[in-house]
$ cat my_file.json   # JSON, C-alpha atoms
[["chain", "number", "residue", "atom", "x", "y", "z"],
["W", 1, "MET", "CA", 2.74, -25.34, 21.71],
["W", 2, "ALA", "CA", 5.76, -23.23, 20.79],
["W", 3, "VAL", "CA", 5.16, -19.64, 19.72],
["W", 4, "LYS", "CA", 7.13, -17.02, 17.83],
["W", 5, "ILE", "CA", 7.01, -13.44, 19.06],
["W", 6, "LEU", "CA", 7.70, -10.61, 16.63],
["W", 7, "ILE", "CA", 8.67, -7.31, 18.19],
["W", 8, "LYS", "CA", 9.04, -4.30, 15.90],
["W", 9, "ARG", "CA", 10.75, -1.08, 16.92],
["W", 10, "SER", "CA", 11.60, 2.05, 15.01],
["W", 11, "VAL", "CA", 15.04, 3.24, 16.12],
["W", 12, "PRO", "CA", 16.19, 6.56, 14.68],
["W", 13, "PRO", "CA", 19.90, 6.58, 13.75],
["W", 14, "SER", "CA", 20.54, 9.18, 16.43],
["W", 15, "LYS", "CA", 19.30, 6.72, 19.09],
["W", 16, "ALA", "CA", 20.90, 3.50, 17.80],
["W", 17, "LYS", "CA", 24.05, 3.69, 19.96],
["W", 18, "GLN", "CA", 21.89, 4.05, 23.07],
["W", 19, "MET", "CA", 19.48, 1.33, 21.99],
["W", 20, "ILE", "CA", 22.00, -1.46, 21.29],
["W", 21, "PRO", "CA", 22.91, -1.98, 24.98],
["W", 22, "LEU", "CA", 19.20, -2.09, 25.83],
["W", 23, "PHE", "CA", 18.62, -4.77, 23.18],
["W", 24, "ARG", "CA", 21.48, -6.79, 24.67],
["W", 25, "LYS", "CA", 20.26, -6.33, 28.21],
["W", 26, "MET", "CA", 16.73, -7.42, 27.28],
["W", 27, "ARG", "CA", 18.05, -10.51, 25.45],
["W", 28, "ALA", "CA", 20.34, -11.45, 28.34],
["W", 29, "HIS", "CA", 17.41, -11.40, 30.77],
["W", 30, "ALA", "CA", 15.05, -13.17, 28.36],
["W", 31, "THR", "CA", 17.45, -16.09, 27.92],
["W", 32, "GLN", "CA", 17.21, -16.76, 31.65],
["W", 33, "GLN", "CA", 13.41, -17.08, 31.60],
["W", 34, "ALA", "CA", 11.57, -20.38, 31.78],
["W", 35, "GLY", "CA", 10.28, -21.33, 28.35],
["W", 36, "TYR", "CA", 12.70, -19.21, 26.33],
["W", 37, "ILE", "CA", 14.06, -21.13, 23.34],
["W", 38, "SER", "CA", 15.82, -18.64, 21.05],
["W", 39, "GLY", "CA", 15.91, -15.13, 19.70],
["W", 40, "GLU", "CA", 17.39, -12.96, 16.99],
["W", 41, "THR", "CA", 17.46, -9.28, 16.15],
["W", 42, "LEU", "CA", 17.19, -8.14, 12.54],
["W", 43, "LYS", "CA", 17.63, -4.70, 10.96],
["W", 44, "SER", "CA", 15.64, -3.88, 7.84],
["W", 45, "LEU", "CA", 17.55, -3.17, 4.65],
["W", 46, "ASP", "CA", 14.57, -1.33, 3.19],
["W", 47, "GLN", "CA", 13.88, 0.78, 6.30],
["W", 48, "PRO", "CA", 17.19, 1.17, 8.19],
["W", 49, "ASP", "CA", 15.49, 2.49, 11.33],
["W", 50, "LEU", "CA", 13.27, -0.62, 11.65],
["W", 51, "PHE", "CA", 14.38, -3.48, 13.91],
["W", 52, "LEU", "CA", 12.62, -6.82, 14.22],
["W", 53, "VAL", "CA", 13.22, -9.10, 17.19],
["W", 54, "ILE", "CA", 12.01, -12.68, 16.74],
["W", 55, "SER", "CA", 11.93, -14.87, 19.82],
["W", 56, "THR", "CA", 10.71, -18.41, 20.27],
["W", 57, "TRP", "CA", 9.02, -19.58, 23.46],
["W", 58, "GLN", "CA", 7.75, -22.97, 24.55],
["W", 59, "SER", "CA", 4.23, -21.54, 25.01],
["W", 60, "SER", "CA", 2.27, -18.31, 24.96],
["W", 61, "GLU", "CA", 2.04, -18.58, 28.76],
["W", 62, "HIS", "CA", 5.85, -18.49, 29.06],
["W", 63, "TRP", "CA", 6.01, -15.41, 26.81],
["W", 64, "GLU", "CA", 3.22, -13.63, 28.65],
["W", 65, "LYS", "CA", 4.86, -14.30, 32.02],
["W", 66, "TRP", "CA", 8.06, -12.68, 30.73],
["W", 67, "LEU", "CA", 6.16, -9.85, 29.03],
["W", 68, "LEU", "CA", 4.42, -8.94, 32.29],
["W", 69, "SER", "CA", 7.40, -9.47, 34.58],
["W", 70, "LYS", "CA", 8.66, -6.55, 36.62],
["W", 71, "THR", "CA", 12.17, -6.92, 35.17],
["W", 72, "ARG", "CA", 10.94, -6.70, 31.59],
["W", 73, "GLN", "CA", 8.50, -3.88, 32.35],
["W", 74, "GLU", "CA", 11.37, -1.80, 33.76],
["W", 75, "MET", "CA", 13.54, -2.40, 30.69],
["W", 76, "GLN", "CA", 10.60, -1.61, 28.39],
["W", 77, "LYS", "CA", 10.16, 1.72, 30.21],
["W", 78, "GLU", "CA", 13.79, 2.56, 29.39],
["W", 79, "ILE", "CA", 13.22, 1.65, 25.74],
["W", 80, "ASP", "CA", 9.96, 3.62, 25.58],
["W", 81, "ALA", "CA", 11.65, 6.66, 27.13],
["W", 82, "LEU", "CA", 14.41, 6.49, 24.53],
["W", 83, "LEU", "CA", 12.20, 5.75, 21.51],
["W", 84, "GLY", "CA", 8.90, 7.30, 22.49],
["W", 85, "GLY", "CA", 6.99, 4.02, 22.84],
["W", 86, "ASN", "CA", 7.34, 2.65, 19.28],
["W", 87, "THR", "CA", 7.12, -1.07, 20.11],
["W", 88, "ALA", "CA", 4.67, -3.43, 18.40],
["W", 89, "TYR", "CA", 4.15, -7.09, 19.38],
["W", 90, "GLU", "CA", 2.73, -10.00, 17.40],
["W", 91, "MET", "CA", 2.43, -13.65, 18.50],
["W", 92, "TYR", "CA", 2.31, -16.60, 16.11],
["W", 93, "HIS", "CA", 2.09, -20.34, 16.60],
["W", 94, "TYR", "CA", 3.26, -23.07, 14.27],
["W", 95, "GLY", "CA", 1.13, -24.69, 11.58],
["W", 96, "PHE", "CA", -2.59, -24.92, 11.32],
["W", 97, "ALA", "CA", -3.45, -26.18, 14.81],
["W", 98, "GLU", "CA", -6.50, -24.59, 16.39]]
$ encode --input "my_file.json" --output "C-alpha coordinates"
Amino acid sequence: MAVKILIKRSVPPSKAKQMIPLFRKMRAHATQQAGYISGETLKSLDQPDLFLVISTWQSSEHWEKWLLSKTRQEMQKEIDALLGGNTAYEMYHYGFAE
(Lines of atoms letter the chains of each structure in order from A and count residues from 1; the text may use other names and numbers.)
(Lines give C-alpha, C1' and ligand atoms only; values in the text may rest on other atoms or scores of the structure.)
Protein backbone atom coordinates (compact mmCIF):
# COMPACT_ATOMS: atom_id res chain seq x y z
CA MET A 1 0.00 0.00 0.00
CA ALA A 2 1.34 3.43 -0.95
CA VAL A 3 2.40 5.76 1.84
CA LYS A 4 2.99 9.49 2.19
CA ILE A 5 5.97 10.65 4.21
CA LEU A 6 5.91 14.12 5.77
CA ILE A 7 9.28 15.55 6.72
CA LYS A 8 9.35 18.84 8.61
CA ARG A 9 12.44 20.96 9.02
CA SER A 10 13.00 24.36 10.54
CA VAL A 11 15.48 26.26 8.38
CA PRO A 12 16.60 29.64 9.71
CA PRO A 13 16.90 32.29 6.96
CA SER A 14 20.65 32.46 7.56
CA LYS A 15 20.94 28.75 6.63
CA ALA A 16 18.53 28.64 3.66
CA LYS A 17 21.17 29.17 0.94
CA GLN A 18 23.19 26.26 2.32
CA MET A 19 20.12 24.06 2.77
CA ILE A 20 18.67 24.34 -0.75
CA PRO A 21 21.47 22.29 -2.39
CA LEU A 22 21.05 19.63 0.31
CA PHE A 23 17.31 19.45 -0.40
CA ARG A 24 18.07 19.00 -4.10
CA LYS A 25 20.74 16.39 -3.45
CA MET A 26 18.43 14.39 -1.19
CA ARG A 27 15.61 14.53 -3.76
CA ALA A 28 17.91 13.50 -6.60
CA HIS A 29 19.02 10.41 -4.68
CA ALA A 30 15.50 9.58 -3.49
CA THR A 31 14.13 9.56 -7.04
CA GLN A 32 16.56 6.76 -7.88
CA GLN A 33 15.30 4.49 -5.08
CA ALA A 34 13.04 1.51 -5.64
CA GLY A 35 9.49 2.36 -4.62
CA TYR A 36 9.81 6.14 -4.91
CA ILE A 37 6.77 7.66 -6.63
CA SER A 38 6.92 11.44 -6.14
CA GLY A 39 7.92 14.28 -3.89
CA GLU A 40 7.49 17.98 -3.30
CA THR A 41 8.98 20.60 -1.01
CA LEU A 42 6.77 23.31 0.49
CA LYS A 43 7.65 26.43 2.47
CA SER A 44 5.17 27.70 5.04
CA LEU A 45 3.64 31.12 4.50
CA ASP A 46 2.76 31.39 8.19
CA GLN A 47 6.18 30.27 9.46
CA PRO A 48 8.77 31.17 6.78
CA ASP A 49 11.48 29.04 8.38
CA LEU A 50 9.34 25.86 8.20
CA PHE A 51 9.73 23.50 5.25
CA LEU A 52 7.58 20.46 4.58
CA VAL A 53 8.72 17.69 2.25
CA ILE A 54 5.99 15.30 1.13
CA SER A 55 7.08 12.14 -0.63
CA THR A 56 5.05 9.20 -1.87
CA TRP A 57 6.38 5.65 -1.76
CA GLN A 58 4.92 2.37 -2.98
CA SER A 59 5.14 0.93 0.55
CA SER A 60 6.42 1.67 4.03
CA GLU A 61 9.14 -0.94 3.41
CA HIS A 62 10.45 1.05 0.43
CA TRP A 63 10.54 4.24 2.52
CA GLU A 64 12.21 2.55 5.46
CA LYS A 65 14.88 1.02 3.21
CA TRP A 66 15.69 4.50 1.89
CA LEU A 67 15.48 6.07 5.36
CA LEU A 68 18.05 3.61 6.72
CA SER A 69 20.32 3.56 3.68
CA LYS A 70 23.92 4.65 4.10
CA THR A 71 23.55 7.29 1.37
CA ARG A 72 20.59 8.92 3.06
CA GLN A 73 22.11 8.67 6.53
CA GLU A 74 25.19 10.57 5.29
CA MET A 75 23.07 13.32 3.74
CA GLN A 76 20.95 13.54 6.90
CA LYS A 77 24.14 14.04 8.94
CA GLU A 78 24.98 17.04 6.73
CA ILE A 79 21.49 18.45 7.25
CA ASP A 80 21.61 17.83 11.00
CA ALA A 81 25.01 19.52 11.24
CA LEU A 82 23.66 22.56 9.41
CA LEU A 83 20.31 22.77 11.20
CA GLY A 84 21.05 21.19 14.55
CA GLY A 85 18.92 18.08 14.03
CA ASN A 86 15.48 19.70 13.53
CA THR A 87 13.92 16.99 11.34
CA ALA A 88 10.57 15.35 12.14
CA TYR A 89 9.08 12.42 10.20
CA GLU A 90 5.49 11.22 9.90
CA MET A 91 4.16 8.34 7.78
CA TYR A 92 0.59 8.09 6.50
CA HIS A 93 -1.24 5.57 4.36
CA TYR A 94 -4.29 6.13 2.20
CA GLY A 95 -7.87 5.69 3.35
CA PHE A 96 -9.23 3.65 6.17
CA ALA A 97 -7.50 0.33 5.51
CA GLU A 98 -6.20 -1.46 8.59
$ closest_residue --input "my_file.json" --among "W:Ile79, W:Asn86, W:Lys70, W:Ser10" --to "His29 in chain W" --atoms "all atoms listed in the file"
W:Lys70
$ atom_distance --input "my_file.json" --atom1 "CA of Thr71 in chain W" --atom2 "CA of Leu42 in chain W"
23.2 Å
$ closest_residue --input "my_file.json" --among "W:Ala34, W:Lys25, W:Gln58, W:Thr41" --to "Arg72 in chain W" --atoms "all atoms listed in the file"
W:Lys25
$ residues_near_point --input "my_file.json" --point "(15.0, 7.3, 8.9)" --cutoff "10 Å" --atoms "all atoms listed in the file" --output "short mmCIF file (atom, residue, chain, number, x, y, z; two decimals) with C-alpha atoms, keeping the file's coordinate frame"
data_model
loop_
_atom_site.label_atom_id
_atom_site.label_comp_id
_atom_site.auth_asym_id
_atom_site.auth_seq_id
_atom_site.Cartn_x
_atom_site.Cartn_y
_atom_site.Cartn_z
CA SER W 10 11.60 2.05 15.01
CA VAL W 11 15.04 3.24 16.12
CA PRO W 12 16.19 6.56 14.68
CA PRO W 13 19.90 6.58 13.75
CA SER W 14 20.54 9.18 16.43
CA GLN W 47 13.88 0.78 6.30
CA PRO W 48 17.19 1.17 8.19
CA ASP W 49 15.49 2.49 11.33
CA LEU W 50 13.27 -0.62 11.65
#
$ residues_near_point --input "my_file.json" --point "(6.9, -28.0, 22.6)" --cutoff "8 Å" --atoms "only C-alpha atoms" --output "list in words"
Met1, Ala2, Gln58 and Ser59 of chain W
$ atom_distance --input "my_file.json" --atom1 "CA of Gly95 in chain W" --atom2 "CA of Leu52 in chain W"
21.4 Å
$ residues_around --input "my_file.json" --residues "range 75-78 of chain W" --least-positions-apart "2" --cutoff "12 Å" --atoms "all atoms listed in the file" --output "VMD selection string"
chain W and resid 7 9 18 to 19 21 to 30 66 to 73 80 to 88
$ closest_residue --input "my_file.json" --among "W:Leu45, W:Ile37, W:Leu6, W:Met91" --to "Ser60 in chain W" --atoms "all atoms listed in the file"
W:Met91
$ atom_distance --input "my_file.json" --atom1 "CA of Gln33 in chain W" --atom2 "CA of His62 in chain W"
8.1 Å
$ closest_residue --input "my_file.json" --among "W:Glu74, W:Thr56, W:Thr31, W:Ile20" --to "Ile5 in chain W" --atoms "all atoms listed in the file"
W:Thr56
$ closest_residue --input "my_file.json" --among "W:Lys15, W:Lys8, W:Ser38, W:Tyr89" --to "Glu64 in chain W" --atoms "all atoms listed in the file"
W:Tyr89
$ closest_residue --input "my_file.json" --among "W:Gly35, W:Glu40, W:Lys17, W:Ile54" --to "Glu90 in chain W" --atoms "only C-alpha atoms"
W:Ile54
$ build_atoms --input "my_file.json" --residues "range 24-58 of chain W" --atoms "N, CA and C atoms" --output "mmCIF file, in the coordinates of the input"
data_model
loop_
_atom_site.group_PDB
_atom_site.id
_atom_site.type_symbol
_atom_site.label_atom_id
_atom_site.label_comp_id
_atom_site.auth_asym_id
_atom_site.auth_seq_id
_atom_site.Cartn_x
_atom_site.Cartn_y
_atom_site.Cartn_z
ATOM 1 N N ARG W 24 20.652 -5.730 24.074
ATOM 2 C CA ARG W 24 21.480 -6.790 24.670
ATOM 3 C C ARG W 24 21.038 -7.133 26.085
ATOM 4 N N LYS W 25 20.720 -6.114 26.839
ATOM 5 C CA LYS W 25 20.260 -6.330 28.210
ATOM 6 C C LYS W 25 18.944 -7.115 28.224
ATOM 7 N N MET W 26 18.019 -6.734 27.362
ATOM 8 C CA MET W 26 16.730 -7.420 27.280
ATOM 9 C C MET W 26 16.951 -8.878 26.894
ATOM 10 N N ARG W 27 17.791 -9.130 25.893
ATOM 11 C CA ARG W 27 18.050 -10.510 25.450
ATOM 12 C C ARG W 27 18.695 -11.318 26.566
ATOM 13 N N ALA W 28 19.659 -10.729 27.259
ATOM 14 C CA ALA W 28 20.340 -11.450 28.340
ATOM 15 C C ALA W 28 19.348 -11.898 29.417
ATOM 16 N N HIS W 29 18.422 -11.045 29.764
ATOM 17 C CA HIS W 29 17.410 -11.400 30.770
ATOM 18 C C HIS W 29 16.412 -12.411 30.213
ATOM 19 N N ALA W 30 16.021 -12.253 28.962
ATOM 20 C CA ALA W 30 15.050 -13.170 28.360
ATOM 21 C C ALA W 30 15.596 -14.596 28.330
ATOM 22 N N THR W 31 16.873 -14.743 28.020
ATOM 23 C CA THR W 31 17.450 -16.090 27.920
ATOM 24 C C THR W 31 17.415 -16.846 29.235
ATOM 25 N N GLN W 32 17.256 -16.133 30.331
ATOM 26 C CA GLN W 32 17.210 -16.760 31.650
ATOM 27 C C GLN W 32 15.795 -17.153 32.070
ATOM 28 N N GLN W 33 14.809 -16.830 31.242
ATOM 29 C CA GLN W 33 13.410 -17.080 31.600
ATOM 30 C C GLN W 33 12.983 -18.496 31.241
ATOM 31 N N ALA W 34 12.134 -19.063 32.074
ATOM 32 C CA ALA W 34 11.570 -20.380 31.780
ATOM 33 C C ALA W 34 10.798 -20.297 30.467
ATOM 34 N N GLY W 35 11.003 -21.275 29.609
ATOM 35 C CA GLY W 35 10.280 -21.330 28.350
ATOM 36 C C GLY W 35 10.937 -20.640 27.181
ATOM 37 N N TYR W 36 12.003 -19.884 27.425
ATOM 38 C CA TYR W 36 12.700 -19.210 26.330
ATOM 39 C C TYR W 36 13.477 -20.249 25.523
ATOM 40 N N ILE W 37 13.337 -20.195 24.199
ATOM 41 C CA ILE W 37 14.060 -21.130 23.340
ATOM 42 C C ILE W 37 15.165 -20.429 22.567
ATOM 43 N N SER W 38 14.818 -19.341 21.860
ATOM 44 C CA SER W 38 15.820 -18.640 21.050
ATOM 45 C C SER W 38 15.346 -17.251 20.688
ATOM 46 N N GLY W 39 16.267 -16.472 20.132
ATOM 47 C CA GLY W 39 15.910 -15.130 19.700
ATOM 48 C C GLY W 39 16.939 -14.587 18.725
ATOM 49 N N GLU W 40 16.498 -13.640 17.918
ATOM 50 C CA GLU W 40 17.390 -12.960 16.990
ATOM 51 C C GLU W 40 16.891 -11.554 16.757
ATOM 52 N N THR W 41 17.809 -10.668 16.427
ATOM 53 C CA THR W 41 17.460 -9.280 16.150
ATOM 54 C C THR W 41 17.884 -8.972 14.718
ATOM 55 N N LEU W 42 16.955 -8.448 13.944
ATOM 56 C CA LEU W 42 17.190 -8.140 12.540
ATOM 57 C C LEU W 42 16.983 -6.640 12.297
ATOM 58 N N LYS W 43 17.767 -6.109 11.364
ATOM 59 C CA LYS W 43 17.630 -4.700 10.960
ATOM 60 C C LYS W 43 17.207 -4.683 9.498
ATOM 61 N N SER W 44 16.166 -3.946 9.192
ATOM 62 C CA SER W 44 15.640 -3.880 7.840
ATOM 63 C C SER W 44 16.614 -3.212 6.875
ATOM 64 N N LEU W 45 16.752 -3.807 5.707
ATOM 65 C CA LEU W 45 17.550 -3.170 4.650
ATOM 66 C C LEU W 45 16.746 -2.089 3.942
ATOM 67 N N ASP W 46 15.434 -2.284 3.872
ATOM 68 C CA ASP W 46 14.570 -1.330 3.190
ATOM 69 C C ASP W 46 14.262 -0.095 4.038
ATOM 70 N N GLN W 47 14.164 -0.306 5.358
ATOM 71 C CA GLN W 47 13.880 0.780 6.300
ATOM 72 C C GLN W 47 14.919 0.699 7.421
ATOM 73 N N PRO W 48 16.066 1.333 7.262
ATOM 74 C CA PRO W 48 17.190 1.170 8.190
ATOM 75 C C PRO W 48 16.890 1.494 9.655
ATOM 76 N N ASP W 49 15.809 2.191 9.930
ATOM 77 C CA ASP W 49 15.490 2.490 11.330
ATOM 78 C C ASP W 49 14.576 1.425 11.946
ATOM 79 N N LEU W 50 14.181 0.407 11.161
ATOM 80 C CA LEU W 50 13.270 -0.620 11.650
ATOM 81 C C LEU W 50 14.026 -1.871 12.097
ATOM 82 N N PHE W 51 13.792 -2.267 13.349
ATOM 83 C CA PHE W 51 14.380 -3.480 13.910
ATOM 84 C C PHE W 51 13.273 -4.475 14.194
ATOM 85 N N LEU W 52 13.561 -5.742 13.945
ATOM 86 C CA LEU W 52 12.620 -6.820 14.220
ATOM 87 C C LEU W 52 13.312 -7.832 15.124
ATOM 88 N N VAL W 53 12.725 -8.075 16.282
ATOM 89 C CA VAL W 53 13.220 -9.100 17.190
ATOM 90 C C VAL W 53 12.257 -10.277 17.074
ATOM 91 N N ILE W 54 12.817 -11.461 16.821
ATOM 92 C CA ILE W 54 12.010 -12.680 16.740
ATOM 93 C C ILE W 54 12.483 -13.598 17.857
ATOM 94 N N SER W 55 11.575 -13.931 18.752
ATOM 95 C CA SER W 55 11.930 -14.870 19.820
ATOM 96 C C SER W 55 10.983 -16.053 19.777
ATOM 97 N N THR W 56 11.492 -17.194 20.228
ATOM 98 C CA THR W 56 10.710 -18.410 20.270
ATOM 99 C C THR W 56 10.579 -18.849 21.713
ATOM 100 N N TRP W 57 9.344 -19.169 22.089
ATOM 101 C CA TRP W 57 9.020 -19.580 23.460
ATOM 102 C C TRP W 57 8.279 -20.908 23.426
ATOM 103 N N GLN W 58 8.405 -21.671 24.477
ATOM 104 C CA GLN W 58 7.750 -22.970 24.550
ATOM 105 C C GLN W 58 6.232 -22.847 24.508
#
